[in-house]
file upload12.txt (compact mmCIF, N, CA and C atoms and all ligand atoms)
# COMPACT_ATOMS: atom_id res chain seq x y z
N MET M 23 111.42 14.21 68.89
CA MET M 23 111.68 15.00 67.68
C MET M 23 110.60 14.67 66.64
N SER M 24 110.05 15.70 66.02
CA SER M 24 109.06 15.46 64.99
C SER M 24 109.77 15.08 63.68
N GLU M 25 109.01 14.48 62.77
CA GLU M 25 109.60 14.12 61.49
C GLU M 25 109.91 15.38 60.69
N THR M 26 110.99 15.34 59.96
CA THR M 26 111.45 16.51 59.22
C THR M 26 111.06 16.37 57.76
N PRO M 27 110.27 17.32 57.22
CA PRO M 27 109.90 17.24 55.80
C PRO M 27 111.16 17.19 54.94
N GLY M 28 111.15 16.31 53.94
CA GLY M 28 112.28 16.22 53.03
C GLY M 28 113.43 15.38 53.54
N TYR M 29 113.28 14.80 54.75
CA TYR M 29 114.36 13.97 55.28
C TYR M 29 114.67 12.81 54.33
N ASP M 30 115.96 12.61 54.07
CA ASP M 30 116.41 11.54 53.17
C ASP M 30 116.54 10.24 53.97
N ARG M 31 115.58 9.36 53.85
CA ARG M 31 115.58 8.12 54.65
C ARG M 31 116.63 7.13 54.20
N ASP M 32 117.30 7.40 53.11
CA ASP M 32 118.35 6.49 52.64
C ASP M 32 119.75 7.02 52.93
N ASN M 33 119.86 8.13 53.69
CA ASN M 33 121.22 8.60 54.01
C ASN M 33 121.91 7.57 54.89
N VAL M 34 123.24 7.59 54.87
CA VAL M 34 124.02 6.53 55.51
C VAL M 34 123.73 6.43 57.01
N PHE M 35 123.46 7.55 57.67
CA PHE M 35 123.20 7.47 59.11
C PHE M 35 121.81 6.88 59.39
N ALA M 36 120.85 7.17 58.52
CA ALA M 36 119.53 6.53 58.67
C ALA M 36 119.69 5.02 58.52
N ARG M 37 120.54 4.59 57.61
CA ARG M 37 120.75 3.16 57.40
C ARG M 37 121.50 2.53 58.57
N ILE M 38 122.43 3.27 59.16
CA ILE M 38 123.11 2.76 60.37
C ILE M 38 122.09 2.62 61.50
N LEU M 39 121.20 3.59 61.64
CA LEU M 39 120.18 3.51 62.71
C LEU M 39 119.28 2.29 62.51
N ARG M 40 119.01 1.92 61.28
CA ARG M 40 118.16 0.75 61.00
C ARG M 40 118.97 -0.54 60.98
N ASP M 41 120.29 -0.45 61.28
CA ASP M 41 121.17 -1.62 61.26
C ASP M 41 121.24 -2.26 59.88
N GLU M 42 121.04 -1.46 58.84
CA GLU M 42 121.19 -1.98 57.48
C GLU M 42 122.65 -2.03 57.07
N ILE M 43 123.46 -1.16 57.68
CA ILE M 43 124.91 -1.24 57.50
C ILE M 43 125.55 -1.20 58.88
N PRO M 44 126.68 -1.88 59.03
CA PRO M 44 127.28 -2.01 60.36
C PRO M 44 127.95 -0.71 60.82
N SER M 45 128.06 -0.58 62.12
CA SER M 45 128.84 0.53 62.68
C SER M 45 129.47 0.05 63.98
N ASP M 46 130.56 0.70 64.34
CA ASP M 46 131.27 0.36 65.57
C ASP M 46 130.73 1.28 66.68
N ARG M 47 129.63 0.86 67.28
CA ARG M 47 128.94 1.72 68.25
C ARG M 47 129.70 1.79 69.56
N VAL M 48 129.79 2.98 70.09
CA VAL M 48 130.44 3.18 71.39
C VAL M 48 129.45 3.67 72.44
N TYR M 49 128.26 4.08 72.02
CA TYR M 49 127.27 4.62 72.97
C TYR M 49 125.89 4.53 72.32
N GLU M 50 124.88 4.27 73.13
CA GLU M 50 123.50 4.46 72.68
C GLU M 50 122.59 4.66 73.86
N ASP M 51 121.57 5.46 73.65
CA ASP M 51 120.50 5.61 74.63
C ASP M 51 119.20 5.80 73.84
N GLY M 52 118.17 6.23 74.47
CA GLY M 52 116.88 6.34 73.80
C GLY M 52 116.82 7.44 72.75
N GLU M 53 117.75 8.38 72.82
CA GLU M 53 117.72 9.53 71.90
C GLU M 53 118.85 9.53 70.88
N PHE M 54 119.98 8.91 71.23
CA PHE M 54 121.20 9.07 70.42
C PHE M 54 121.92 7.74 70.25
N ILE M 55 122.70 7.65 69.17
CA ILE M 55 123.74 6.62 69.08
C ILE M 55 125.04 7.32 68.68
N ALA M 56 126.16 6.68 69.02
CA ALA M 56 127.47 7.18 68.62
C ALA M 56 128.31 6.00 68.16
N PHE M 57 129.12 6.25 67.13
CA PHE M 57 129.93 5.18 66.54
C PHE M 57 131.23 5.78 66.01
N ARG M 58 132.23 4.92 65.80
CA ARG M 58 133.51 5.41 65.31
C ARG M 58 133.41 5.78 63.83
N ASP M 59 134.00 6.93 63.50
CA ASP M 59 133.98 7.40 62.12
C ASP M 59 134.79 6.43 61.25
N ILE M 60 134.26 6.12 60.08
CA ILE M 60 134.90 5.16 59.19
C ILE M 60 136.17 5.73 58.56
N ASN M 61 136.31 7.04 58.57
CA ASN M 61 137.47 7.72 57.97
C ASN M 61 137.99 8.74 58.98
N PRO M 62 138.64 8.25 60.04
CA PRO M 62 138.92 9.13 61.18
C PRO M 62 139.88 10.27 60.84
N ALA M 63 139.56 11.45 61.36
CA ALA M 63 140.38 12.65 61.17
C ALA M 63 141.23 12.93 62.40
N ALA M 64 141.18 12.05 63.40
CA ALA M 64 141.97 12.18 64.63
C ALA M 64 142.08 10.78 65.23
N PRO M 65 143.01 10.57 66.16
CA PRO M 65 143.14 9.23 66.75
C PRO M 65 141.82 8.70 67.33
N THR M 66 141.06 9.58 67.96
CA THR M 66 139.70 9.23 68.36
C THR M 66 138.75 10.13 67.58
N HIS M 67 137.87 9.51 66.82
CA HIS M 67 136.89 10.26 66.01
C HIS M 67 135.57 9.51 66.06
N ILE M 68 134.64 10.09 66.76
CA ILE M 68 133.33 9.47 66.98
C ILE M 68 132.26 10.40 66.40
N VAL M 69 131.23 9.79 65.82
CA VAL M 69 130.09 10.55 65.29
C VAL M 69 128.89 10.27 66.20
N LEU M 70 128.29 11.34 66.68
CA LEU M 70 127.11 11.25 67.56
C LEU M 70 125.90 11.73 66.77
N ILE M 71 124.86 10.90 66.71
CA ILE M 71 123.67 11.27 65.93
C ILE M 71 122.41 11.05 66.75
N PRO M 72 121.41 11.90 66.54
CA PRO M 72 120.11 11.64 67.15
C PRO M 72 119.38 10.54 66.40
N ARG M 73 118.60 9.78 67.12
CA ARG M 73 117.69 8.84 66.47
C ARG M 73 116.59 9.65 65.77
N GLY M 74 115.79 8.97 64.96
CA GLY M 74 114.66 9.63 64.31
C GLY M 74 115.08 10.36 63.06
N GLU M 75 114.34 11.42 62.75
CA GLU M 75 114.54 12.16 61.50
C GLU M 75 114.83 13.61 61.85
N PRO M 76 116.08 13.91 62.21
CA PRO M 76 116.42 15.30 62.53
C PRO M 76 116.57 16.10 61.25
N PRO M 77 116.71 17.43 61.39
CA PRO M 77 117.07 18.22 60.21
C PRO M 77 118.43 17.78 59.67
N ALA M 78 118.69 18.16 58.43
CA ALA M 78 119.95 17.78 57.80
C ALA M 78 121.14 18.35 58.54
N GLY M 79 120.98 19.53 59.09
CA GLY M 79 122.07 20.20 59.80
C GLY M 79 121.51 21.25 60.73
N PRO M 80 122.36 21.96 61.44
CA PRO M 80 121.88 22.93 62.42
C PRO M 80 121.03 24.05 61.82
N ALA M 81 121.19 24.32 60.52
CA ALA M 81 120.37 25.37 59.90
C ALA M 81 118.88 25.02 59.95
N GLY M 82 118.57 23.74 60.09
CA GLY M 82 117.17 23.32 60.13
C GLY M 82 116.56 23.28 61.51
N LEU M 83 117.32 23.64 62.52
CA LEU M 83 116.80 23.59 63.90
C LEU M 83 115.85 24.75 64.17
N ASP M 84 114.87 24.50 65.04
CA ASP M 84 114.06 25.60 65.54
C ASP M 84 113.91 25.46 67.05
N ASP M 85 113.14 26.35 67.67
CA ASP M 85 113.08 26.38 69.14
C ASP M 85 112.62 25.06 69.73
N GLY M 86 111.77 24.34 69.00
CA GLY M 86 111.28 23.07 69.50
C GLY M 86 112.33 21.99 69.60
N ASP M 87 113.47 22.21 68.98
CA ASP M 87 114.57 21.23 69.01
C ASP M 87 115.57 21.50 70.14
N ALA M 88 115.35 22.56 70.90
CA ALA M 88 116.37 22.99 71.85
C ALA M 88 116.70 21.92 72.89
N GLY M 89 115.69 21.15 73.32
CA GLY M 89 115.94 20.14 74.35
C GLY M 89 116.90 19.06 73.90
N TRP M 90 116.56 18.38 72.85
CA TRP M 90 117.43 17.27 72.42
C TRP M 90 118.75 17.80 71.86
N ALA M 91 118.71 18.96 71.18
CA ALA M 91 119.95 19.50 70.64
C ALA M 91 120.90 19.89 71.78
N GLY M 92 120.36 20.43 72.85
CA GLY M 92 121.20 20.74 74.01
C GLY M 92 121.75 19.48 74.65
N ARG M 93 120.90 18.46 74.72
CA ARG M 93 121.37 17.21 75.34
C ARG M 93 122.47 16.55 74.52
N MET M 94 122.54 16.87 73.22
CA MET M 94 123.65 16.31 72.42
C MET M 94 125.00 16.72 73.01
N PHE M 95 125.11 17.96 73.50
CA PHE M 95 126.37 18.40 74.09
C PHE M 95 126.68 17.64 75.37
N VAL M 96 125.65 17.40 76.16
CA VAL M 96 125.84 16.65 77.41
C VAL M 96 126.32 15.24 77.10
N VAL M 97 125.66 14.60 76.15
CA VAL M 97 126.04 13.23 75.78
C VAL M 97 127.42 13.19 75.15
N ALA M 98 127.73 14.18 74.31
CA ALA M 98 129.05 14.22 73.67
C ALA M 98 130.15 14.32 74.72
N SER M 99 129.96 15.14 75.73
CA SER M 99 131.01 15.28 76.74
C SER M 99 131.12 14.01 77.57
N ARG M 100 130.00 13.32 77.76
CA ARG M 100 130.03 12.03 78.48
C ARG M 100 130.81 11.00 77.67
N ILE M 101 130.58 10.96 76.36
CA ILE M 101 131.30 10.00 75.51
C ILE M 101 132.79 10.34 75.49
N ALA M 102 133.11 11.64 75.40
CA ALA M 102 134.52 12.05 75.40
C ALA M 102 135.21 11.57 76.67
N ALA M 103 134.54 11.70 77.80
CA ALA M 103 135.13 11.23 79.06
C ALA M 103 135.29 9.72 79.04
N GLN M 104 134.28 9.03 78.53
CA GLN M 104 134.33 7.56 78.43
C GLN M 104 135.50 7.11 77.56
N GLU M 105 135.84 7.92 76.56
CA GLU M 105 136.93 7.60 75.64
C GLU M 105 138.29 8.06 76.15
N GLY M 106 138.31 8.65 77.36
CA GLY M 106 139.57 9.08 77.95
C GLY M 106 140.08 10.41 77.44
N LEU M 107 139.20 11.23 76.87
CA LEU M 107 139.61 12.50 76.27
C LEU M 107 139.48 13.69 77.20
N ALA M 108 138.88 13.51 78.37
CA ALA M 108 138.54 14.67 79.20
C ALA M 108 139.79 15.45 79.61
N GLU M 109 140.86 14.74 79.96
CA GLU M 109 142.04 15.44 80.45
C GLU M 109 142.79 16.15 79.32
N GLY M 110 143.02 15.46 78.23
CA GLY M 110 143.78 16.05 77.13
C GLY M 110 143.00 17.06 76.32
N GLY M 111 141.70 16.94 76.35
CA GLY M 111 140.85 17.86 75.60
C GLY M 111 140.35 17.23 74.31
N TYR M 112 139.38 17.86 73.73
CA TYR M 112 138.76 17.34 72.51
C TYR M 112 138.01 18.46 71.82
N ARG M 113 137.56 18.18 70.61
CA ARG M 113 136.81 19.17 69.82
C ARG M 113 135.49 18.57 69.40
N LEU M 114 134.43 19.36 69.50
CA LEU M 114 133.11 18.98 68.99
C LEU M 114 132.85 19.82 67.75
N VAL M 115 132.46 19.14 66.66
CA VAL M 115 132.26 19.82 65.37
C VAL M 115 130.89 19.44 64.83
N VAL M 116 130.16 20.45 64.36
CA VAL M 116 128.89 20.21 63.66
C VAL M 116 128.98 20.94 62.32
N ASN M 117 128.99 20.19 61.24
CA ASN M 117 129.07 20.79 59.91
C ASN M 117 127.68 21.12 59.39
N ASN M 118 127.61 22.17 58.59
CA ASN M 118 126.36 22.54 57.92
C ASN M 118 126.67 22.99 56.50
N GLY M 119 126.28 22.17 55.54
CA GLY M 119 126.35 22.60 54.16
C GLY M 119 127.69 22.42 53.48
N PRO M 120 127.72 22.76 52.20
CA PRO M 120 128.89 22.43 51.36
C PRO M 120 130.18 23.13 51.78
N ASP M 121 130.13 24.38 52.21
CA ASP M 121 131.39 25.04 52.57
C ASP M 121 132.04 24.39 53.78
N ALA M 122 131.24 23.70 54.60
CA ALA M 122 131.78 22.97 55.76
C ALA M 122 132.17 21.55 55.38
N GLY M 123 131.89 21.17 54.14
CA GLY M 123 132.22 19.82 53.71
C GLY M 123 131.26 18.77 54.22
N GLN M 124 130.05 19.18 54.57
CA GLN M 124 129.08 18.21 55.09
C GLN M 124 128.72 17.19 54.02
N GLU M 125 128.79 15.90 54.42
CA GLU M 125 128.50 14.80 53.49
C GLU M 125 127.16 14.14 53.75
N VAL M 126 126.78 14.05 55.01
CA VAL M 126 125.61 13.25 55.38
C VAL M 126 124.50 14.17 55.92
N PRO M 127 123.31 14.15 55.27
CA PRO M 127 122.24 15.10 55.63
C PRO M 127 121.38 14.62 56.80
N HIS M 128 122.03 14.33 57.91
CA HIS M 128 121.35 13.92 59.16
C HIS M 128 122.19 14.60 60.24
N LEU M 129 121.66 15.61 60.91
CA LEU M 129 122.44 16.41 61.86
C LEU M 129 123.26 15.50 62.76
N HIS M 130 124.54 15.84 62.91
CA HIS M 130 125.44 15.00 63.69
C HIS M 130 126.56 15.83 64.28
N MET M 131 127.20 15.30 65.29
CA MET M 131 128.30 15.97 65.97
C MET M 131 129.52 15.06 65.93
N HIS M 132 130.66 15.63 65.50
CA HIS M 132 131.92 14.90 65.53
C HIS M 132 132.58 15.13 66.89
N ILE M 133 133.12 14.09 67.47
CA ILE M 133 133.92 14.17 68.70
C ILE M 133 135.33 13.75 68.31
N LEU M 134 136.26 14.71 68.40
CA LEU M 134 137.62 14.49 67.92
C LEU M 134 138.61 14.71 69.04
N GLY M 135 139.59 13.83 69.14
CA GLY M 135 140.60 14.01 70.17
C GLY M 135 141.66 12.93 70.09
N GLY M 136 142.49 12.90 71.11
CA GLY M 136 143.54 11.89 71.19
C GLY M 136 144.90 12.39 70.73
N ALA M 137 144.96 13.62 70.25
CA ALA M 137 146.22 14.25 69.82
C ALA M 137 145.94 15.73 69.63
N GLY M 138 147.01 16.52 69.49
CA GLY M 138 146.83 17.93 69.15
C GLY M 138 146.13 18.04 67.82
N LEU M 139 145.10 18.86 67.73
CA LEU M 139 144.23 18.88 66.56
C LEU M 139 144.54 20.00 65.58
N GLY M 140 145.37 20.95 65.95
CA GLY M 140 145.57 22.08 65.07
C GLY M 140 144.41 23.06 65.18
N PRO M 141 144.46 24.14 64.40
CA PRO M 141 143.48 25.20 64.61
C PRO M 141 142.05 24.86 64.18
N ILE M 142 141.88 23.96 63.19
CA ILE M 142 140.54 23.60 62.73
C ILE M 142 140.51 22.09 62.54
N ALA M 143 139.36 21.43 62.88
CA ALA M 143 139.25 19.98 62.75
C ALA M 143 139.37 19.57 61.30
P1 LIG M 201 130.07 15.27 57.61
O1 LIG M 201 131.17 15.55 56.62
O2 LIG M 201 130.02 16.28 58.74
O3 LIG M 201 128.74 15.05 56.95
O4 LIG M 201 130.47 13.94 58.34
C1 LIG M 201 130.08 12.69 57.91
C2 LIG M 201 131.05 11.70 58.49
O5 LIG M 201 130.48 10.41 58.41
C3 LIG M 201 132.41 11.64 57.79
O6 LIG M 201 133.43 11.94 58.73
C4 LIG M 201 132.49 10.20 57.29
O7 LIG M 201 133.80 9.66 57.38
C5 LIG M 201 131.52 9.50 58.22
N1 LIG M 201 130.94 8.28 57.69
C6 LIG M 201 130.40 8.09 56.47
N2 LIG M 201 129.94 6.83 56.34
C7 LIG M 201 130.20 6.22 57.52
C8 LIG M 201 129.98 4.89 58.02
N3 LIG M 201 129.38 3.95 57.28
N4 LIG M 201 130.39 4.60 59.28
C9 LIG M 201 131.00 5.54 60.03
N5 LIG M 201 131.23 6.81 59.62
C10 LIG M 201 130.84 7.14 58.38
call {"tool": "encode", "arguments": {"input": "upload12.txt", "output": "structure tokens", "more": "lines below"}}
Ligand code: AMP
result
Amino acid sequence: MSETPGYDRDNVFARILRDEIPSDRVYEDGEFIAFRDINPAAPTHIVLIPRGEPPAGPAGLDDGDAGWAGRMFVVASRIAAQEGLAEGGYRLVVNNGPDAGQEVPHLHMHILGGAGLGPIA
């Protein structure tokens, strides 16, 4: 992934990637890390983020991002299975901007499950 102009290097996920603040990591590979959400919205709530400096949200993606962005889905489903969510089901959520309630400007995917989730995460 190339560096993203305007990327906020002090956002909380950038700081987690640099190990400046702790996180409860459940997965990592060369492209991604995943950790438990500090304010869970479901019994299992994991945040999956790409390493590096991604766009703030999906609105910043372009064709050159298709490879790693597609692999996020593959990794998310692998983590969901690892967490025992495959049978009961789970929800993947990517927020973009204020109407979605996005807080952290580093593209990320929520993995939610462990109970009935209702119509919207
Ligand atoms: P979003 O609203 O889509 O930007 O999601 C950001 C998520 O990051 C929220 O669900 C927060 O609870 C979560 N979060 C914020 N700070 C931390 C942290 N230090 N460790 C784990 N999760 C965090």
call {"tool": "residues_near_ligand", "arguments": {"input": "upload12.txt", "ligand": "ligand LIG 201 (chain M)", "cutoff": "7 Å", "atoms": "only C-alpha atoms and all ligand atoms", "output": "PyMOL selection string"}}
result
chain M and resi 34+43+45+57-62+69+116-117+123-127+130
call {"tool": "select_by_dssp", "arguments": {"input": "upload12.txt", "residues": "chain M", "states": "strand (DSSP E)", "output": "VMD selection string"}}
result
chain M and resid 47 to 50 54 to 58 66 to 72 112 to 115 131 to 135
call {"tool": "write_last_selection", "arguments": {"input": "upload12.txt", "atoms": "N, CA and C atoms", "output": "PDB file, keeping the file's coordinate frame"}}
result
ATOM      1  N   ARG M  47     129.630   0.860  67.280  1.00  0.00           N
ATOM      2  CA  ARG M  47     128.940   1.720  68.250  1.00  0.00           C
ATOM      3  C   ARG M  47     129.700   1.790  69.560  1.00  0.00           C
ATOM      4  N   VAL M  48     129.790   2.980  70.090  1.00  0.00           N
ATOM      5  CA  VAL M  48     130.440   3.180  71.390  1.00  0.00           C
ATOM      6  C   VAL M  48     129.450   3.670  72.440  1.00  0.00           C
ATOM      7  N   TYR M  49     128.260   4.080  72.020  1.00  0.00           N
ATOM      8  CA  TYR M  49     127.270   4.620  72.970  1.00  0.00           C
ATOM      9  C   TYR M  49     125.890   4.530  72.320  1.00  0.00           C
ATOM     10  N   GLU M  50     124.880   4.270  73.130  1.00  0.00           N
ATOM     11  CA  GLU M  50     123.500   4.460  72.680  1.00  0.00           C
ATOM     12  C   GLU M  50     122.590   4.660  73.860  1.00  0.00           C
ATOM     13  N   PHE M  54     119.980   8.910  71.230  1.00  0.00           N
ATOM     14  CA  PHE M  54     121.200   9.070  70.420  1.00  0.00           C
ATOM     15  C   PHE M  54     121.920   7.740  70.250  1.00  0.00           C
ATOM     16  N   ILE M  55     122.700   7.650  69.170  1.00  0.00           N
ATOM     17  CA  ILE M  55     123.740   6.620  69.080  1.00  0.00           C
ATOM     18  C   ILE M  55     125.040   7.320  68.680  1.00  0.00           C
ATOM     19  N   ALA M  56     126.160   6.680  69.020  1.00  0.00           N
ATOM     20  CA  ALA M  56     127.470   7.180  68.620  1.00  0.00           C
ATOM     21  C   ALA M  56     128.310   6.000  68.160  1.00  0.00           C
ATOM     22  N   PHE M  57     129.120   6.250  67.130  1.00  0.00           N
ATOM     23  CA  PHE M  57     129.930   5.180  66.540  1.00  0.00           C
ATOM     24  C   PHE M  57     131.230   5.780  66.010  1.00  0.00           C
ATOM     25  N   ARG M  58     132.230   4.920  65.800  1.00  0.00           N
ATOM     26  CA  ARG M  58     133.510   5.410  65.310  1.00  0.00           C
ATOM     27  C   ARG M  58     133.410   5.780  63.830  1.00  0.00           C
ATOM     28  N   THR M  66     141.060   9.580  67.960  1.00  0.00           N
ATOM     29  CA  THR M  66     139.700   9.230  68.360  1.00  0.00           C
ATOM     30  C   THR M  66     138.750  10.130  67.580  1.00  0.00           C
ATOM     31  N   HIS M  67     137.870   9.510  66.820  1.00  0.00           N
ATOM     32  CA  HIS M  67     136.890  10.260  66.010  1.00  0.00           C
ATOM     33  C   HIS M  67     135.570   9.510  66.060  1.00  0.00           C
ATOM     34  N   ILE M  68     134.640  10.090  66.760  1.00  0.00           N
ATOM     35  CA  ILE M  68     133.330   9.470  66.980  1.00  0.00           C
ATOM     36  C   ILE M  68     132.260  10.400  66.400  1.00  0.00           C
ATOM     37  N   VAL M  69     131.230   9.790  65.820  1.00  0.00           N
ATOM     38  CA  VAL M  69     130.090  10.550  65.290  1.00  0.00           C
ATOM     39  C   VAL M  69     128.890  10.270  66.200  1.00  0.00           C
ATOM     40  N   LEU M  70     128.290  11.340  66.680  1.00  0.00           N
ATOM     41  CA  LEU M  70     127.110  11.250  67.560  1.00  0.00           C
ATOM     42  C   LEU M  70     125.900  11.730  66.770  1.00  0.00           C
ATOM     43  N   ILE M  71     124.860  10.900  66.710  1.00  0.00           N
ATOM     44  CA  ILE M  71     123.670  11.270  65.930  1.00  0.00           C
ATOM     45  C   ILE M  71     122.410  11.050  66.750  1.00  0.00           C
ATOM     46  N   PRO M  72     121.410  11.900  66.540  1.00  0.00           N
ATOM     47  CA  PRO M  72     120.110  11.640  67.150  1.00  0.00           C
ATOM     48  C   PRO M  72     119.380  10.540  66.400  1.00  0.00           C
ATOM     49  N   TYR M 112     139.380  17.860  73.730  1.00  0.00           N
ATOM     50  CA  TYR M 112     138.760  17.340  72.510  1.00  0.00           C
ATOM     51  C   TYR M 112     138.010  18.460  71.820  1.00  0.00           C
ATOM     52  N   ARG M 113     137.560  18.180  70.610  1.00  0.00           N
ATOM     53  CA  ARG M 113     136.810  19.170  69.820  1.00  0.00           C
ATOM     54  C   ARG M 113     135.490  18.570  69.400  1.00  0.00           C
ATOM     55  N   LEU M 114     134.430  19.360  69.500  1.00  0.00           N
ATOM     56  CA  LEU M 114     133.110  18.980  68.990  1.00  0.00           C
ATOM     57  C   LEU M 114     132.850  19.820  67.750  1.00  0.00           C
ATOM     58  N   VAL M 115     132.460  19.140  66.660  1.00  0.00           N
ATOM     59  CA  VAL M 115     132.260  19.820  65.370  1.00  0.00           C
ATOM     60  C   VAL M 115     130.890  19.440  64.830  1.00  0.00           C
ATOM     61  N   MET M 131     127.200  15.300  65.290  1.00  0.00           N
ATOM     62  CA  MET M 131     128.300  15.970  65.970  1.00  0.00           C
ATOM     63  C   MET M 131     129.520  15.060  65.930  1.00  0.00           C
ATOM     64  N   HIS M 132     130.660  15.630  65.500  1.00  0.00           N
ATOM     65  CA  HIS M 132     131.920  14.900  65.530  1.00  0.00           C
ATOM     66  C   HIS M 132     132.580  15.130  66.890  1.00  0.00           C
ATOM     67  N   ILE M 133     133.120  14.090  67.470  1.00  0.00           N
ATOM     68  CA  ILE M 133     133.920  14.170  68.700  1.00  0.00           C
ATOM     69  C   ILE M 133     135.330  13.750  68.310  1.00  0.00           C
ATOM     70  N   LEU M 134     136.260  14.710  68.400  1.00  0.00           N
ATOM     71  CA  LEU M 134     137.620  14.490  67.920  1.00  0.00           C
ATOM     72  C   LEU M 134     138.610  14.710  69.040  1.00  0.00           C
ATOM     73  N   GLY M 135     139.590  13.830  69.140  1.00  0.00           N
ATOM     74  CA  GLY M 135     140.600  14.010  70.170  1.00  0.00           C
ATOM     75  C   GLY M 135     141.660  12.930  70.090  1.00  0.00           C
TER      76      GLY M 135
END
call {"tool": "atom_distance", "arguments": {"input": "upload12.txt", "atom1": "atom N of M:Ile68", "atom2": "atom C of M:Leu134"}}
result
6.5 Å
call {"tool": "atom_distance", "arguments": {"input": "upload12.txt", "atom1": "atom CA of M:Ala64", "atom2": "atom CA of M:Ala122"}}
result
17.3 Å
call {"tool": "atom_distance", "arguments": {"input": "upload12.txt", "atom1": "atom C of M:Gly52", "atom2": "atom N of M:Gly136"}}
result
26.3 Å
call {"tool": "closest_residue", "arguments": {"input": "upload12.txt", "among": "M:Leu70, M:Val48, M:Asp84, M:Arg37", "to": "M:Ile133", "atoms": "all atoms listed in the file"}}
result
M:Leu70
call {"tool": "decode", "arguments": {"input": "upload12.txt", "residues": "stretch 74-115 of chain M", "atoms": "C-alpha atoms", "output": "PDB file, in the first residue's frame"}}
result
ATOM      1  CA  GLY M  74       0.812   1.077   6.874  1.00  0.00           C
ATOM      2  CA  GLU M  75      -1.073   4.220   5.964  1.00  0.00           C
ATOM      3  CA  PRO M  76      -4.392   3.296   4.357  1.00  0.00           C
ATOM      4  CA  PRO M  77      -7.056   5.816   3.418  1.00  0.00           C
ATOM      5  CA  ALA M  78      -9.236   7.031   6.265  1.00  0.00           C
ATOM      6  CA  GLY M  79     -12.149   4.979   4.980  1.00  0.00           C
ATOM      7  CA  PRO M  80     -13.448   3.168   1.914  1.00  0.00           C
ATOM      8  CA  ALA M  81     -14.198   6.475   0.163  1.00  0.00           C
ATOM      9  CA  GLY M  82     -10.441   6.893  -0.248  1.00  0.00           C
ATOM     10  CA  LEU M  83      -9.872   3.573  -2.018  1.00  0.00           C
ATOM     11  CA  ASP M  84      -8.913   3.351  -5.661  1.00  0.00           C
ATOM     12  CA  ASP M  85      -8.241   0.492  -8.092  1.00  0.00           C
ATOM     13  CA  GLY M  86      -4.696   0.073  -6.825  1.00  0.00           C
ATOM     14  CA  ASP M  87      -6.046  -0.903  -3.406  1.00  0.00           C
ATOM     15  CA  ALA M  88      -8.197  -3.761  -4.690  1.00  0.00           C
ATOM     16  CA  GLY M  89      -5.720  -6.508  -3.746  1.00  0.00           C
ATOM     17  CA  TRP M  90      -5.221  -5.775  -0.079  1.00  0.00           C
ATOM     18  CA  ALA M  91      -8.780  -4.496   0.367  1.00  0.00           C
ATOM     19  CA  GLY M  92     -10.112  -7.769  -1.040  1.00  0.00           C
ATOM     20  CA  ARG M  93      -7.792  -9.762   1.171  1.00  0.00           C
ATOM     21  CA  MET M  94      -9.283  -7.987   4.197  1.00  0.00           C
ATOM     22  CA  PHE M  95     -12.483  -9.987   3.611  1.00  0.00           C
ATOM     23  CA  VAL M  96     -10.546 -13.237   3.398  1.00  0.00           C
ATOM     24  CA  VAL M  97      -8.674 -12.480   6.618  1.00  0.00           C
ATOM     25  CA  ALA M  98     -11.842 -11.304   8.375  1.00  0.00           C
ATOM     26  CA  SER M  99     -13.628 -14.565   7.617  1.00  0.00           C
ATOM     27  CA  ARG M 100     -10.573 -16.506   8.816  1.00  0.00           C
ATOM     28  CA  ILE M 101     -10.582 -14.585  12.111  1.00  0.00           C
ATOM     29  CA  ALA M 102     -14.342 -15.106  12.488  1.00  0.00           C
ATOM     30  CA  ALA M 103     -13.831 -18.853  12.117  1.00  0.00           C
ATOM     31  CA  GLN M 104     -10.929 -18.748  14.586  1.00  0.00           C
ATOM     32  CA  GLU M 105     -13.252 -17.003  17.059  1.00  0.00           C
ATOM     33  CA  GLY M 106     -15.915 -19.696  16.652  1.00  0.00           C
ATOM     34  CA  LEU M 107     -18.363 -17.462  14.762  1.00  0.00           C
ATOM     35  CA  ALA M 108     -18.605 -19.395  11.498  1.00  0.00           C
ATOM     36  CA  GLU M 109     -21.584 -21.529  12.487  1.00  0.00           C
ATOM     37  CA  GLY M 110     -23.693 -18.891  14.237  1.00  0.00           C
ATOM     38  CA  GLY M 111     -22.841 -16.164  11.775  1.00  0.00           C
ATOM     39  CA  TYR M 112     -21.309 -12.736  12.071  1.00  0.00           C
ATOM     40  CA  ARG M 113     -21.358  -9.254  10.579  1.00  0.00           C
ATOM     41  CA  LEU M 114     -18.553  -7.330   8.894  1.00  0.00           C
ATOM     42  CA  VAL M 115     -18.895  -3.541   9.097  1.00  0.00           C
TER      43      VAL M 115
END
